[in-house]
Structures are given as structure tokens and as C-alpha cells.
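Trainee: Have a look at this one.
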Amino acid sequence: MLDCRISPYFTANTQILWPGRKVKAHGLDTWFTCTIEHAAGKYTATAFLVQGHEDREHQTPGQLHQGIAEQTRVSAVLAARTRLPRVRTALGKDVVLDCAFAADPRAAVAVRWALRKKGRHERYIATSGGRAEMFPQEPRGNASLLIRRVELSDEGTYICTVEAAALVLEQAIQLQITEKPTVTVNVNSLSLVEGEQQKLVCDVRNYYPADIHVQWLREPQSAGQLPDTVPNVLTSSHLRSSNGTYSFSRFFLLTATLRDNGHTYTCRVEHSSLQAPIRRSVTVAVREATSTTWLLLLLLLGLTGCLVASLHHLHQGYTQCYIHSNNEACSKVPRGAHPSRTQPRQCNAPCGDRGHAAPPAPTAPAAAAAEEPRGRVLHRGYRTRRCQGNIPAPHLPSPKSPKLWKETESVLRTVPFYPEKKSTSICI
């Protein structure tokens with residue numbers, strides 16, 4: 001079905017010079033524009049029509065068809081048409097934008113192309129030396145435009161403009177770029193135990209434009225029933241690649257139940273580039289959990305707990321506590337190591353009597369160390385009142401003294417450790 005519209009074209013009382021038409025001093029020609037469009041958008045044509053003074057004199061009123069009150073004789077002098085007002089193409093392809101014209105051979109015709117984008121100024125297109133190229137106008141009237149290796153920046157509305165004398169005709173052709181999505185699922189089939197969980201992911205990649213509809217469906221086992229939409233489906237953020245296409249994922253966590261046995265979960269994708277939706281399915285098989293399965297799970301959990309406990313025990317070691325008498329600041333270091341100034345830490349309890357029995361007699365090396373000047377007292381595993389005595393400040397070695405640390409290292413090497421004791425206190 002065609003839609004035809006004829007409208008007057010006002011010339012502001014000026015004479016349009018057209019080859020083959022005489023210039024008159026009086027009785028100007030009457031001009032019209034005619035637009036013909038296919039109802040489904042498959043064809044568009046525009047033309048200039050002219051009616052001379054003689055044609056108006058021969059105009060006969062009357063009924064030519066129902067709804068037409070008079071018959072008018074006009075002549076077409078310039079016409080332009082396109083057979084594809086809307087063109088779709090994929091990225092990287094070559095595309096032809098169809099445009100043609102018809103005019104008197106004696107008329108000089110000029111053709112130019114421009115690109116209009118929403119919210120931007122019209123941009124004229126160079127038809128030589130780039131990716132856009134016009135066909136040679138042989139036969140006369142071919143004004144089509146070839147665009148090679150289409151990019152996203154080429155998308156928009158193209159205007160084919162035909163000029164002859166003072167008449168200008170335009171044809172608009174919309175170029176839309178569409179890229180079909182690539183759809184994959186992370187598994188094709190599943191075999192699960194009742195209660196087991198599995199993440200189902202539907203990846204949709206490299207599509208354009210961004211508008212897309214993706215959903216997970218649970219297909220019925222019997223025919224004639226509609227699928228159920230899977231609830232609690234999550235969506236990842238949209239990513240845009242270097243060529244301008246989009247990608248994202250939709251996923252959900254499936255907890256296997258016996259009702260899922262034999263069912264199919266389908267990822268359904270709808271996009272403007274597709275004639276039919278893309279479907280990717282996952283078949284699920286679920287078996288009942290047995291007592292043996294539970295025993296194996298419990299055994300695995302028990303072994304894991306034992307391993308963690310063993311590692312924790314191996315990392316535990318006896319510590320040594322190096323205490324400065326009055327302020328009771330100390331450092332705890334692993335067993336066998338020397339005190340370090342970079343590991344200060346508050347002791348769990350101050351030096352003093354905690355109800356322990358009197359310490360055993362010190363060994364010879366320890367006794368010798370205990371008899372050293374400046375009031376140092378060494379004990380293994382015990383804290384006594386003697387540690388609480390206020391040692392005069394002049395007798396206290398400076399914690400920063402190299403001699404102190406040297407002597408302390410010597411003492412620590414001479415003090416043995418008892419396995420049943422967790423720490424050895426050295427109070428100065």
C-alpha cells in the first residue's frame with residue numbers, strides 16, 4: 001500500500017528556470033511537491049511537479065474518482081527515490097545506501113551526502129579518499145553511497161540531497177548497526193545430590209545495541225504448559241569492549257531438590273538483531289542423598305577440623321618474657337629466640353608471687369648469672385616476690401644499652417626450659 005501526498009510549492013512570485021520551459025512575462029508556472037511512501041517503509045520517492053498556464057486553462061472539473069473533485073494535469077521535472085529507507089548492517093561489513101534521481105538530461109544535477117546524528121550538527125560526507133564512496137553516475141541517476149568496514153560512528157540518518165536549478169530534493173536513509181549476541185552457559189548438564197548447590201551462568205557477549213532481554217526459565221516436563229521464570233536471578237554489570245559492543249551475565253544459585261530431577265533450565269535471549277530468540281539449556285539430574293553420602297561428608301568435615309587443629313598446635317610455642325622491673329614492660333618472642341626491641345607487648349601478669357612453690361635450686365650457669373651485679377634475678381617458670389623489689393634506678397641498666405642486650409642474650413642461652421612450663425620470666 002502506498003501513501004501519496006501532493007502539496008503546493010511556493011516560489012515567492014519568482015520564475016524558476018528549467019530547461020525546456022519558456023520564460024513568460026506573465027502567467028507564472030504553478031509548482032507542487034509530491035511524496036510517495038510505502039506503508040511498510042520499503043520505498044520512498046519525492047518529485048517536483050509543474051503546471052503551466054496552458055495546463056490550467058485545460059483543467060476540467062468533474063468526478064474522476066470518488067473523493068476527487070477535479071482533474072489536474074501536471075508534469076514531473078525532477079524526482080528522487082530510495083528503495084531502502086532503513087538499512088541494518090553488522091560491524092565491519094560494507095553497506096550500500098540506495099539513492100537515485102531522474103531529471104531532464106539538459107539539467108545540471110549535483111548530489112551530496114550528509115550524516116545527521118541526534119543532538120549533533122549535520123556533517124557532510126566526503127565521497128572520495130575515505131571509507132565512503134559514491135558510485136559512478138553511469139547510468140545517469142545513480143547517487144548511491146558505499147560505506148566500507150562499517151563502524152559504530154557511522155550509525156545515524158543519512159541525507160541524499162539532489163539539486164537541479166533552484167530545486168532541491170532530499171531522501172533520508174537511516175543506518176542502524178546491530179551485532180548479534182553470543183550466548184553460552186557454563187554447563188550443559190548437571191548431576192547433583194539432593195541438597196547440593198550449583199551456580200548456573202548465562203554469558204551474553206558482543207552485542208549491539210545495548211537493549212536486550214535475558215531471562216532464566218524452568219521448562220515443564222509435560223507438553224502444553226508454560227515455563228516458569230526462575231526467581232532471584234542476579235545480573236552482572238554491563239561491560240563495553242573496544243569495538244563498542246556490550247557483554248554481561250545473568251546467573252542464579254540452584255539448590256538441587258528431587259523436584260528438579262529431569263527438568264531443563266533455559267537461558268532465553270531476545271535482541272533486535274535476532275529474528276528469533278536464542279536459547280541455551282541445561283539438563284538437571286538429581287539423586288537422593290544416602291546415609292553413606294552423609295557419612296562421607298561428616299568424615300571429610302572431621303578430617304578438615306583435625307588438620308586445622310594440628311596446624312594451630314604446631315604454630316604454638318613456648319615463649320620467653322623479658323621484663324623491666326618497675327614498669328613491667330616486656331617482649332614475648334618464640335621459644336629459643338632472643339628478645340627484640342621491635343616486638344614490645346604487655347605481659348599477661350606482673351612479676352610477683354602467684355602461689356607457686358619456691359623455685360628449685362638454680363643450675364650452676366644460672367646461679368652464676370644470678371650473682372652478676374645490678375640485681376638481676378633469673379627464674380625458670382616461676383615469678384617470686386623478689387621480682388617486685390624496687391631496684392634503685394642507678395642500678396638499672398638502660399633498656400637501650402648494648403651491654404644489657406648482650407648480657408641478656410648470654411643469660412637466655414644458659415637458662416634451660418622445662419616442657420611443662422609455658423614461659424620463662426627474666427626480670428631485671
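Each chain in the C-alpha cells gets a letter, A, B, ..., in the order shown, and its residues are numbered from 1; ligands are numbered from 1 in order too.
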For range 142-144 of chain A, please output as a ChimeraX atom specification all residues within 12 Å (counting only C-alpha atoms; exclusion window: fewer than 3 positions along the same chain).
Mentor: /A:80-84,95-103,109-113,127,132-139,147,158-163,170-171,173
Trainee: Enumerate as a VMD selection string all residues of range 137-238 of chain A assigned to strand (DSSP E) by DSSP on the backbone, naming them with the chain letters and numbers the document uses.
Mentor: chain A and resid 145 to 147 156 to 164 167 to 177 182 to 185 189 to 193 197 to 207 212 to 219 228 to 229 234 to 235
Trainee: If you run DSSP on the backbone, which residues of range 162-316 of chain A are alpha helix (DSSP H), as a PDB file with C-alpha atoms, in the first residue's frame?
Mentor:
ATOM      1  CA  SER A 291      23.438 -42.369  54.579  1.00  0.00           C
ATOM      2  CA  THR A 292      26.809 -43.252  53.058  1.00  0.00           C
ATOM      3  CA  THR A 293      26.950 -39.847  51.433  1.00  0.00           C
ATOM      4  CA  TRP A 294      26.261 -38.111  54.728  1.00  0.00           C
ATOM      5  CA  LEU A 295      28.910 -40.224  56.479  1.00  0.00           C
ATOM      6  CA  LEU A 296      31.461 -39.259  53.857  1.00  0.00           C
ATOM      7  CA  LEU A 297      30.586 -35.597  54.289  1.00  0.00           C
ATOM      8  CA  LEU A 298      30.898 -35.841  58.085  1.00  0.00           C
ATOM      9  CA  LEU A 299      34.200 -37.689  57.767  1.00  0.00           C
ATOM     10  CA  LEU A 300      35.516 -35.013  55.447  1.00  0.00           C
ATOM     11  CA  LEU A 301      34.480 -32.295  57.885  1.00  0.00           C
ATOM     12  CA  GLY A 302      36.151 -34.171  60.770  1.00  0.00           C
ATOM     13  CA  LEU A 303      39.418 -34.590  58.890  1.00  0.00           C
ATOM     14  CA  THR A 304      39.374 -30.910  57.992  1.00  0.00           C
ATOM     15  CA  GLY A 305      38.884 -29.962  61.659  1.00  0.00           C
ATOM     16  CA  CYS A 306      41.749 -32.220  62.777  1.00  0.00           C
ATOM     17  CA  LEU A 307      44.063 -30.722  60.171  1.00  0.00           C
ATOM     18  CA  VAL A 308      43.241 -27.183  61.285  1.00  0.00           C
ATOM     19  CA  ALA A 309      43.779 -28.074  64.955  1.00  0.00           C
ATOM     20  CA  SER A 310      47.125 -29.735  64.180  1.00  0.00           C
ATOM     21  CA  LEU A 311      48.380 -26.742  62.255  1.00  0.00           C
ATOM     22  CA  HIS A 312      47.304 -24.430  65.087  1.00  0.00           C
ATOM     23  CA  HIS A 313      49.130 -26.593  67.652  1.00  0.00           C
ATOM     24  CA  LEU A 314      52.313 -26.693  65.588  1.00  0.00           C
ATOM     25  CA  HIS A 315      52.340 -22.907  65.411  1.00  0.00           C
TER      26      HIS A 315
END
Trainee: Between A:Glu37, A:Trp31, A:Thr290, A:Lys118, which residue has the minimum interatomic distance to Ser75 in chain A, considering only C-alpha atoms?
Mentor: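 Among the listed residues, A:Trp31 lies closest to Ser75 in chain A.
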Trainee: Give me the residues within 12 Å of Ser242 in chain A as a CSV table (one decimal) with N, CA, C and O atoms, in the first residue's frame, counting only C-alpha atoms and dropping any in the same chain fewer than 6 places off.
Mentor:
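The file below, out.csv, is the result:
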chain,number,residue,atom,x,y,z
A,151,GLU,N,31.6,1.2,11.0
A,151,GLU,CA,32.0,1.3,12.5
A,151,GLU,C,30.7,1.9,13.2
A,151,GLU,O,29.8,2.4,12.5
A,152,LEU,N,30.8,1.9,14.5
A,152,LEU,CA,29.7,2.5,15.3
A,152,LEU,C,29.5,4.0,15.0
A,152,LEU,O,28.4,4.5,15.1
A,206,ASN,N,29.2,-9.5,23.2
A,206,ASN,CA,29.4,-8.8,21.9
A,206,ASN,C,28.2,-8.6,21.2
A,206,ASN,O,28.0,-9.0,20.0
Trainee: Measure the distance from CA of Thr245 in chain A to CA of Leu200 in chain A in Å and round it to one decimal.
Mentor: 23.7 Å
Trainee: What lies within 8 Å of Ala40 in chain A using only C-alpha atoms, ignoring chain neighbours under 2 positions off, as a list in words?
Mentor: Met1, His38 and Lys42 of chain A
Trainee: Have a look at CA of Thr283 in chain A and CA of Lys180 in chain A and let me know their distance in Å, one decimal.
Mentor: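 Interatomic distance here is 25.3 Å.
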Trainee: List the spatial neighbours of Tyr246 in chain A as a PDB file with N, CA, C and O atoms, in the first residue's frame - criterion: any atom at most 8 Å away, only C-alpha atoms, same-chain residues fewer than 6 positions off excluded.
Mentor:
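Writing the result to around-v8.pdb gives the following:
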ATOM      1  N   ARG A 205      27.486 -12.020  25.148  1.00  0.00           N
ATOM      2  CA  ARG A 205      28.657 -11.217  24.791  1.00  0.00           C
ATOM      3  C   ARG A 205      28.542 -10.622  23.384  1.00  0.00           C
ATOM      4  O   ARG A 205      27.898 -11.183  22.506  1.00  0.00           O
ATOM      5  N   ASN A 206      29.207  -9.461  23.244  1.00  0.00           N
ATOM      6  CA  ASN A 206      29.446  -8.827  21.934  1.00  0.00           C
ATOM      7  C   ASN A 206      28.154  -8.556  21.164  1.00  0.00           C
ATOM      8  O   ASN A 206      27.985  -8.990  20.027  1.00  0.00           O
ATOM      9  N   TYR A 207      27.245  -7.821  21.794  1.00  0.00           N
ATOM     10  CA  TYR A 207      26.003  -7.466  21.113  1.00  0.00           C
ATOM     11  C   TYR A 207      25.869  -5.941  21.063  1.00  0.00           C
ATOM     12  O   TYR A 207      26.478  -5.210  21.847  1.00  0.00           O
ATOM     13  N   TYR A 208      25.040  -5.488  20.114  1.00  0.00           N
ATOM     14  CA  TYR A 208      24.759  -4.062  19.954  1.00  0.00           C
ATOM     15  C   TYR A 208      23.443  -3.924  19.197  1.00  0.00           C
ATOM     16  O   TYR A 208      23.207  -4.700  18.251  1.00  0.00           O
ATOM     17  N   PRO A 209      22.567  -2.999  19.582  1.00  0.00           N
ATOM     18  CA  PRO A 209      22.677  -2.015  20.661  1.00  0.00           C
ATOM     19  C   PRO A 209      22.503  -2.630  22.040  1.00  0.00           C
ATOM     20  O   PRO A 209      22.348  -3.847  22.177  1.00  0.00           O
ATOM     21  N   ALA A 210      22.493  -1.753  23.064  1.00  0.00           N
ATOM     22  CA  ALA A 210      22.528  -2.239  24.445  1.00  0.00           C
ATOM     23  C   ALA A 210      21.210  -2.839  24.904  1.00  0.00           C
ATOM     24  O   ALA A 210      21.205  -3.644  25.842  1.00  0.00           O
ATOM     25  N   HIS A 238      27.243  -4.277  32.995  1.00  0.00           N
ATOM     26  CA  HIS A 238      27.479  -4.310  31.561  1.00  0.00           C
ATOM     27  C   HIS A 238      28.903  -3.821  31.269  1.00  0.00           C
ATOM     28  O   HIS A 238      29.332  -2.789  31.768  1.00  0.00           O
ATOM     29  N   LEU A 239      29.585  -4.589  30.449  1.00  0.00           N
ATOM     30  CA  LEU A 239      30.938  -4.226  30.027  1.00  0.00           C
ATOM     31  C   LEU A 239      30.905  -3.841  28.551  1.00  0.00           C
ATOM     32  O   LEU A 239      30.197  -4.453  27.752  1.00  0.00           O
ATOM     33  N   ARG A 240      31.697  -2.832  28.203  1.00  0.00           N
ATOM     34  CA  ARG A 240      31.768  -2.398  26.800  1.00  0.00           C
ATOM     35  C   ARG A 240      33.164  -2.646  26.274  1.00  0.00           C
ATOM     36  O   ARG A 240      34.155  -2.220  26.876  1.00  0.00           O
TER      37      ARG A 240
END
Trainee: CA of Asp260 in chain A and CA of Ser237 in chain A are how many Å apart?
Mentor: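 The value is 29.1 Å.
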Trainee: Restricting the calculation to only C-alpha atoms: of A:Gly195, A:Pro181, A:Gly92, A:Gly156, which residue gets closest to Arg123 in chain A?
Mentor: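 Of the candidates, the smallest distance to Arg123 in chain A is held by A:Gly156.
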Trainee: Using only C-alpha atoms, which residues sit within 12 Å of Cys34 in chain A once same-chain residues fewer than 4 positions away are excluded, as a PDB file with all heavy atoms, in the first residue's frame?
Mentor:
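Done, and the output landed in selection.pdb:
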ATOM      1  N   ASP A   3       1.268   5.570   0.114  1.00  0.00           N
ATOM      2  CA  ASP A   3       0.697   6.817   0.603  1.00  0.00           C
ATOM      3  C   ASP A   3       1.237   7.946  -0.264  1.00  0.00           C
ATOM      4  O   ASP A   3       2.456   8.150  -0.351  1.00  0.00           O
ATOM      5  CB  ASP A   3       1.080   7.018   2.070  1.00  0.00           C
ATOM      6  CG  ASP A   3       0.538   8.322   2.622  1.00  0.00           C
ATOM      7  OD1 ASP A   3      -0.478   8.800   2.099  1.00  0.00           O
ATOM      8  OD2 ASP A   3       1.155   8.857   3.566  1.00  0.00           O
ATOM      9  N   CYS A   4       0.340   8.693  -0.917  1.00  0.00           N
ATOM     10  CA  CYS A   4       0.746   9.761  -1.835  1.00  0.00           C
ATOM     11  C   CYS A   4       0.218  11.091  -1.317  1.00  0.00           C
ATOM     12  O   CYS A   4      -0.973  11.221  -1.004  1.00  0.00           O
ATOM     13  CB  CYS A   4       0.207   9.478  -3.239  1.00  0.00           C
ATOM     14  SG  CYS A   4       0.641  10.746  -4.461  1.00  0.00           S
ATOM     15  N   ARG A   5       1.137  12.075  -1.231  1.00  0.00           N
ATOM     16  CA  ARG A   5       0.753  13.413  -0.774  1.00  0.00           C
ATOM     17  C   ARG A   5       1.293  14.446  -1.769  1.00  0.00           C
ATOM     18  O   ARG A   5       2.476  14.417  -2.126  1.00  0.00           O
ATOM     19  CB  ARG A   5       1.307  13.699   0.626  1.00  0.00           C
ATOM     20  CG  ARG A   5       0.807  12.757   1.694  1.00  0.00           C
ATOM     21  CD  ARG A   5       1.292  13.203   3.081  1.00  0.00           C
ATOM     22  NE  ARG A   5       2.736  13.258   3.143  1.00  0.00           N
ATOM     23  CZ  ARG A   5       3.512  12.220   3.433  1.00  0.00           C
ATOM     24  NH1 ARG A   5       2.963  11.029   3.641  1.00  0.00           N
ATOM     25  NH2 ARG A   5       4.812  12.354   3.478  1.00  0.00           N
ATOM     26  N   ILE A   6       0.408  15.374  -2.206  1.00  0.00           N
ATOM     27  CA  ILE A   6       0.788  16.454  -3.117  1.00  0.00           C
ATOM     28  C   ILE A   6       0.519  17.771  -2.411  1.00  0.00           C
ATOM     29  O   ILE A   6      -0.578  18.010  -1.900  1.00  0.00           O
ATOM     30  CB  ILE A   6       0.008  16.371  -4.439  1.00  0.00           C
ATOM     31  CG1 ILE A   6       0.310  15.050  -5.139  1.00  0.00           C
ATOM     32  CG2 ILE A   6       0.350  17.556  -5.334  1.00  0.00           C
ATOM     33  CD1 ILE A   6      -0.466  14.867  -6.439  1.00  0.00           C
ATOM     34  N   SER A   7       1.541  18.630  -2.385  1.00  0.00           N
ATOM     35  CA  SER A   7       1.425  19.907  -1.686  1.00  0.00           C
ATOM     36  C   SER A   7       1.921  21.026  -2.606  1.00  0.00           C
ATOM     37  O   SER A   7       2.832  20.828  -3.422  1.00  0.00           O
ATOM     38  CB  SER A   7       2.263  19.899  -0.410  1.00  0.00           C
ATOM     39  OG  SER A   7       1.895  18.823   0.432  1.00  0.00           O
ATOM     40  N   PRO A   8       1.334  22.219  -2.482  1.00  0.00           N
ATOM     41  CA  PRO A   8       1.820  23.357  -3.293  1.00  0.00           C
ATOM     42  C   PRO A   8       3.232  23.748  -2.878  1.00  0.00           C
ATOM     43  O   PRO A   8       3.614  23.659  -1.704  1.00  0.00           O
ATOM     44  CB  PRO A   8       0.825  24.472  -2.969  1.00  0.00           C
ATOM     45  CG  PRO A   8      -0.365  23.787  -2.390  1.00  0.00           C
ATOM     46  CD  PRO A   8       0.136  22.576  -1.699  1.00  0.00           C
ATOM     47  N   TYR A   9       4.003  24.196  -3.867  1.00  0.00           N
ATOM     48  CA  TYR A   9       5.364  24.653  -3.613  1.00  0.00           C
ATOM     49  C   TYR A   9       5.409  26.130  -3.986  1.00  0.00           C
ATOM     50  O   TYR A   9       5.245  26.500  -5.159  1.00  0.00           O
ATOM     51  CB  TYR A   9       6.354  23.856  -4.455  1.00  0.00           C
ATOM     52  CG  TYR A   9       7.795  24.246  -4.236  1.00  0.00           C
ATOM     53  CD1 TYR A   9       8.466  23.884  -3.082  1.00  0.00           C
ATOM     54  CD2 TYR A   9       8.475  24.989  -5.200  1.00  0.00           C
ATOM     55  CE1 TYR A   9       9.790  24.239  -2.879  1.00  0.00           C
ATOM     56  CE2 TYR A   9       9.797  25.352  -5.019  1.00  0.00           C
ATOM     57  CZ  TYR A   9      10.450  24.975  -3.854  1.00  0.00           C
ATOM     58  OH  TYR A   9      11.759  25.341  -3.655  1.00  0.00           O
ATOM     59  N   THR A  44      10.430   5.001  -0.856  1.00  0.00           N
ATOM     60  CA  THR A  44      10.100   6.418  -0.690  1.00  0.00           C
ATOM     61  C   THR A  44      10.557   7.170  -1.932  1.00  0.00           C
ATOM     62  O   THR A  44      11.675   6.962  -2.421  1.00  0.00           O
ATOM     63  CB  THR A  44      10.792   7.013   0.553  1.00  0.00           C
ATOM     64  OG1 THR A  44      10.387   6.291   1.710  1.00  0.00           O
ATOM     65  CG2 THR A  44      10.410   8.478   0.723  1.00  0.00           C
ATOM     66  N   ALA A  45       9.696   8.064  -2.414  1.00  0.00           N
ATOM     67  CA  ALA A  45      10.033   8.878  -3.590  1.00  0.00           C
ATOM     68  C   ALA A  45       9.462  10.271  -3.409  1.00  0.00           C
ATOM     69  O   ALA A  45       8.388  10.453  -2.826  1.00  0.00           O
ATOM     70  CB  ALA A  45       9.507   8.240  -4.865  1.00  0.00           C
ATOM     71  N   THR A  46      10.190  11.258  -3.894  1.00  0.00           N
ATOM     72  CA  THR A  46       9.721  12.649  -3.886  1.00  0.00           C
ATOM     73  C   THR A  46       9.959  13.226  -5.283  1.00  0.00           C
ATOM     74  O   THR A  46      10.893  12.803  -5.984  1.00  0.00           O
ATOM     75  CB  THR A  46      10.458  13.504  -2.835  1.00  0.00           C
ATOM     76  OG1 THR A  46      11.867  13.417  -3.076  1.00  0.00           O
ATOM     77  CG2 THR A  46      10.149  13.033  -1.433  1.00  0.00           C
ATOM     78  N   ALA A  47       9.115  14.212  -5.662  1.00  0.00           N
ATOM     79  CA  ALA A  47       9.231  14.785  -7.008  1.00  0.00           C
ATOM     80  C   ALA A  47       8.706  16.215  -7.003  1.00  0.00           C
ATOM     81  O   ALA A  47       7.891  16.604  -6.153  1.00  0.00           O
ATOM     82  CB  ALA A  47       8.463  13.932  -8.015  1.00  0.00           C
ATOM     83  N   PHE A  48       9.220  16.976  -7.971  1.00  0.00           N
ATOM     84  CA  PHE A  48       8.694  18.306  -8.239  1.00  0.00           C
ATOM     85  C   PHE A  48       7.772  18.206  -9.449  1.00  0.00           C
ATOM     86  O   PHE A  48       8.167  17.663 -10.501  1.00  0.00           O
ATOM     87  CB  PHE A  48       9.819  19.298  -8.524  1.00  0.00           C
ATOM     88  CG  PHE A  48      10.392  19.915  -7.279  1.00  0.00           C
ATOM     89  CD1 PHE A  48      11.619  19.512  -6.797  1.00  0.00           C
ATOM     90  CD2 PHE A  48       9.688  20.902  -6.594  1.00  0.00           C
ATOM     91  CE1 PHE A  48      12.141  20.080  -5.657  1.00  0.00           C
ATOM     92  CE2 PHE A  48      10.209  21.472  -5.453  1.00  0.00           C
ATOM     93  CZ  PHE A  48      11.437  21.065  -4.962  1.00  0.00           C
ATOM     94  N   LEU A  49       6.577  18.764  -9.297  1.00  0.00           N
ATOM     95  CA  LEU A  49       5.589  18.783 -10.363  1.00  0.00           C
ATOM     96  C   LEU A  49       5.330  20.239 -10.767  1.00  0.00           C
ATOM     97  O   LEU A  49       5.319  21.134  -9.910  1.00  0.00           O
ATOM     98  CB  LEU A  49       4.273  18.137  -9.902  1.00  0.00           C
ATOM     99  CG  LEU A  49       4.389  16.752  -9.263  1.00  0.00           C
ATOM    100  CD1 LEU A  49       3.013  16.276  -8.811  1.00  0.00           C
ATOM    101  CD2 LEU A  49       5.017  15.759 -10.218  1.00  0.00           C
ATOM    102  N   VAL A  50       5.118  20.461 -12.064  1.00  0.00           N
ATOM    103  CA  VAL A  50       4.873  21.806 -12.555  1.00  0.00           C
ATOM    104  C   VAL A  50       3.621  21.799 -13.436  1.00  0.00           C
ATOM    105  O   VAL A  50       3.364  20.841 -14.173  1.00  0.00           O
ATOM    106  CB  VAL A  50       6.096  22.351 -13.341  1.00  0.00           C
ATOM    107  CG1 VAL A  50       6.397  21.498 -14.554  1.00  0.00           C
ATOM    108  CG2 VAL A  50       5.880  23.812 -13.721  1.00  0.00           C
ATOM    109  N   VAL A  74      -0.331  17.796 -14.647  1.00  0.00           N
ATOM    110  CA  VAL A  74       0.966  18.316 -14.209  1.00  0.00           C
ATOM    111  C   VAL A  74       2.055  17.472 -14.862  1.00  0.00           C
ATOM    112  O   VAL A  74       1.803  16.378 -15.390  1.00  0.00           O
ATOM    113  CB  VAL A  74       1.117  18.278 -12.675  1.00  0.00           C
ATOM    114  CG1 VAL A  74       0.131  19.232 -12.005  1.00  0.00           C
ATOM    115  CG2 VAL A  74       0.958  16.871 -12.156  1.00  0.00           C
ATOM    116  N   SER A  75       3.279  17.985 -14.790  1.00  0.00           N
ATOM    117  CA  SER A  75       4.436  17.278 -15.332  1.00  0.00           C
ATOM    118  C   SER A  75       5.509  17.182 -14.253  1.00  0.00           C
ATOM    119  O   SER A  75       5.736  18.157 -13.508  1.00  0.00           O
ATOM    120  CB  SER A  75       4.999  18.007 -16.560  1.00  0.00           C
ATOM    121  OG  SER A  75       4.019  18.127 -17.566  1.00  0.00           O
ATOM    122  N   ALA A  76       6.174  16.025 -14.137  1.00  0.00           N
ATOM    123  CA  ALA A  76       7.272  15.851 -13.198  1.00  0.00           C
ATOM    124  C   ALA A  76       8.571  16.252 -13.882  1.00  0.00           C
ATOM    125  O   ALA A  76       8.889  15.786 -14.974  1.00  0.00           O
ATOM    126  CB  ALA A  76       7.349  14.404 -12.743  1.00  0.00           C
ATOM    127  N   VAL A  77       9.336  17.123 -13.250  1.00  0.00           N
ATOM    128  CA  VAL A  77      10.575  17.605 -13.841  1.00  0.00           C
ATOM    129  C   VAL A  77      11.813  17.081 -13.099  1.00  0.00           C
ATOM    130  O   VAL A  77      12.904  17.020 -13.670  1.00  0.00           O
ATOM    131  CB  VAL A  77      10.610  19.139 -13.882  1.00  0.00           C
ATOM    132  CG1 VAL A  77       9.499  19.677 -14.797  1.00  0.00           C
ATOM    133  CG2 VAL A  77      10.456  19.724 -12.487  1.00  0.00           C
ATOM    134  N   LEU A  78      11.657  16.732 -11.802  1.00  0.00           N
ATOM    135  CA  LEU A  78      12.785  16.225 -11.024  1.00  0.00           C
ATOM    136  C   LEU A  78      12.240  15.276  -9.952  1.00  0.00           C
ATOM    137  O   LEU A  78      11.277  15.602  -9.270  1.00  0.00           O
ATOM    138  CB  LEU A  78      13.556  17.380 -10.352  1.00  0.00           C
ATOM    139  CG  LEU A  78      14.752  16.977  -9.471  1.00  0.00           C
ATOM    140  CD1 LEU A  78      15.856  16.330 -10.328  1.00  0.00           C
ATOM    141  CD2 LEU A  78      15.307  18.190  -8.724  1.00  0.00           C
ATOM    142  N   ALA A  79      12.883  14.106  -9.833  1.00  0.00           N
ATOM    143  CA  ALA A  79      12.419  13.106  -8.864  1.00  0.00           C
ATOM    144  C   ALA A  79      13.629  12.426  -8.232  1.00  0.00           C
ATOM    145  O   ALA A  79      14.687  12.274  -8.858  1.00  0.00           O
ATOM    146  CB  ALA A  79      11.520  12.076  -9.532  1.00  0.00           C
ATOM    147  N   ALA A  80      13.462  12.005  -6.984  1.00  0.00           N
ATOM    148  CA  ALA A  80      14.493  11.247  -6.264  1.00  0.00           C
ATOM    149  C   ALA A  80      13.798  10.153  -5.467  1.00  0.00           C
ATOM    150  O   ALA A  80      12.678  10.353  -4.965  1.00  0.00           O
ATOM    151  CB  ALA A  80      15.302  12.156  -5.340  1.00  0.00           C
ATOM    152  N   ARG A  81      14.453   9.008  -5.327  1.00  0.00           N
ATOM    153  CA  ARG A  81      13.836   7.888  -4.605  1.00  0.00           C
ATOM    154  C   ARG A  81      14.896   7.021  -3.950  1.00  0.00           C
ATOM    155  O   ARG A  81      16.069   7.033  -4.322  1.00  0.00           O
ATOM    156  CB  ARG A  81      12.979   7.055  -5.537  1.00  0.00           C
ATOM    157  CG  ARG A  81      13.760   6.420  -6.685  1.00  0.00           C
ATOM    158  CD  ARG A  81      13.957   4.940  -6.449  1.00  0.00           C
ATOM    159  NE  ARG A  81      14.687   4.331  -7.551  1.00  0.00           N
ATOM    160  CZ  ARG A  81      15.849   3.744  -7.419  1.00  0.00           C
ATOM    161  NH1 ARG A  81      16.461   3.738  -6.251  1.00  0.00           N
ATOM    162  NH2 ARG A  81      16.453   3.177  -8.449  1.00  0.00           N
ATOM    163  N   LEU A 169      15.775  18.298  -3.690  1.00  0.00           N
ATOM    164  CA  LEU A 169      15.059  17.139  -3.147  1.00  0.00           C
ATOM    165  C   LEU A 169      15.979  16.390  -2.178  1.00  0.00           C
ATOM    166  O   LEU A 169      17.195  16.325  -2.394  1.00  0.00           O
ATOM    167  CB  LEU A 169      14.604  16.193  -4.263  1.00  0.00           C
ATOM    168  CG  LEU A 169      13.496  16.697  -5.186  1.00  0.00           C
ATOM    169  CD1 LEU A 169      13.231  15.673  -6.285  1.00  0.00           C
ATOM    170  CD2 LEU A 169      12.213  16.973  -4.394  1.00  0.00           C
TER     171      LEU A 169
END
